[in-house]
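These notes are about the structure you will find just below.
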Amino acid sequence: MGKAAFTGKRGDIFYLKPDELRIETQKEAALYDPRADLPVDENLVKNIMVYGVIVPIVVAKLDGSPVVVDGRQRAKAAAEASRRLVAEGKEPILVPCVLRKDTTEDLFGVSVSANEQRQDDSPLLKAQKSAKLQNMGKSVDEVAVLFGVTPQAVYQWDKLLKCAAPVRKAVEAGQLTASAAVQLAGLPAAEQTEKLAELLASSNGKRPTARKARAAATGKRVVEGRMRTRKQVEERLTEKHLPALYRKALCWVLRQE
């Protein structure tokens, strides 16, 4: 399987080495997309090193070479993953590709549609899938690679599943962020529901922050910080009973301005 398959019909899947794929980086090029300038996603590289490129990359044949229409990040990550695998003495990555034969305008339309029509899983759905994988025997680190996240994110998902049903529903409804919800996870279910109601009632229609949720869970008051002018900082320094360490910190701030 190689370049010979590149002459196949639209929809046929063929395999190429990552360095055979061309990504337009010139802004004036018809198939240029700003995503081409994004840094390589390290989590995606790790995922591809284990599972390969799962979703085929869409390409078009322009000037005799395969140009990426959709899948720029996968192509870049595959190139880096392949380089690392070869350095480890392993087989290089082969990228599954699908050929599109359209006008330039339609090809760019495909590129836009592929990116804009994607819908990410909700935090709760990710948490449920993560738990299922762990029940199947996958470690937290392995699950993190699968999702392309850090192990800390997986631990947060685990906490989310421990939240009371009303809290989880609030996350699904977009009333509460997942990071705010997990701050309530350690409370009894009834108390979680009570704190949720308080948070939503005091948020004025905005989603409560994780900081406010943590304060609600611990009973500590949220102290809102505010910017001070240089003059206000200097006036603070004139106070006779100002703690020495605080005075030293303020002096450091003044020197940094």
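Each chain in the structure tokens gets a letter, A, B and so on, in the order shown; residues start at 1 in every chain, and ligands are counted from 1 in the order they appear.
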What's around stretch 25-36 of chain A at 7 Å? Count only C-alpha atoms, leave out sequence neighbours fewer than 2 positions away in its own chain, and write the answer as a list in words.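 Here the answer would be Ile23, Leu38, Val69, Arg72, Thr104 and Phe108 of chain A.
Between A:Arg214 and the candidates A:Ser82, A:Ser179, A:Ser122, A:Ser111, the tightest atom-to-atom separation, counting only C-alpha atoms, involves A:Ser179.
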Could you list, as a list in words, every residue within 8 Å of A:Pro92, counting only C-alpha atoms and ignoring same-chain residues fewer than 3 positions away?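 The residues satisfying every condition are Lys17, Ser82, Arg83, Leu85 and Val86 of chain A.
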Atoms to include: N, CA and C atoms. Write the selected residues as a compact mmCIF listing (two decimals), in the first residue's frame.
# COMPACT_ATOMS: atom_id res chain seq x y z
N LYS A 17 3.14 7.58 4.32
CA LYS A 17 4.00 8.00 5.43
C LYS A 17 3.67 9.46 5.76
N SER A 82 5.82 9.04 14.52
CA SER A 82 6.60 8.14 13.68
C SER A 82 8.10 8.32 13.93
N ARG A 83 8.52 9.58 14.06
CA ARG A 83 9.93 9.86 14.32
C ARG A 83 10.38 9.22 15.62
N LEU A 85 8.98 6.64 17.21
CA LEU A 85 8.93 5.18 17.12
C LEU A 85 10.14 4.63 16.39
N VAL A 86 10.54 5.29 15.32
CA VAL A 86 11.72 4.86 14.57
C VAL A 86 12.96 4.97 15.45
Name all residues at most 12 Å from A:Ser202 (count only C-alpha atoms; drop same-chain ones fewer than 5 positions away) and give them as a list in words.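 Surrounding residues, per the criterion: Lys195, Leu196, Ala197, Arg207, Pro208, Thr209, Lys212, Ala213 and Ala216 of chain A.
Of the residues in stretch 40-154 of chain A, those given strand (DSSP E) by DSSP on the backbone are Ile57, Val58, Val59, Ala60, Lys61, Leu62, Ser65, Pro66, Val67, Val68, Val69, Asp70, Val95, Pro96, Cys97, Val98 and Leu99 of chain A.
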Keeping C-alpha atoms for every residue in the selection just given, could you write it to a file as a PDB file, in the first residue's frame?
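Result went into out23.pdb, see below:
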ATOM      1  CA  ILE A  57      -7.052  12.106   6.913  1.00  0.00           C
ATOM      2  CA  VAL A  58      -8.810  13.714   3.955  1.00  0.00           C
ATOM      3  CA  VAL A  59      -6.443  14.700   1.144  1.00  0.00           C
ATOM      4  CA  ALA A  60      -6.600  16.132  -2.352  1.00  0.00           C
ATOM      5  CA  LYS A  61      -4.101  15.616  -5.149  1.00  0.00           C
ATOM      6  CA  LEU A  62      -2.670  19.016  -6.028  1.00  0.00           C
ATOM      7  CA  SER A  65       1.218  15.526  -4.198  1.00  0.00           C
ATOM      8  CA  PRO A  66      -1.316  14.746  -1.452  1.00  0.00           C
ATOM      9  CA  VAL A  67      -2.366  17.950   0.310  1.00  0.00           C
ATOM     10  CA  VAL A  68      -4.190  17.686   3.627  1.00  0.00           C
ATOM     11  CA  VAL A  69      -7.774  18.944   3.469  1.00  0.00           C
ATOM     12  CA  ASP A  70      -8.814  17.737   6.918  1.00  0.00           C
ATOM     13  CA  VAL A  95      -1.463   7.312   7.884  1.00  0.00           C
ATOM     14  CA  PRO A  96      -4.855   6.199   6.496  1.00  0.00           C
ATOM     15  CA  CYS A  97      -6.064   8.726   3.917  1.00  0.00           C
ATOM     16  CA  VAL A  98      -9.232   9.347   1.932  1.00  0.00           C
ATOM     17  CA  LEU A  99      -9.001  11.058  -1.469  1.00  0.00           C
TER      18      LEU A  99
END
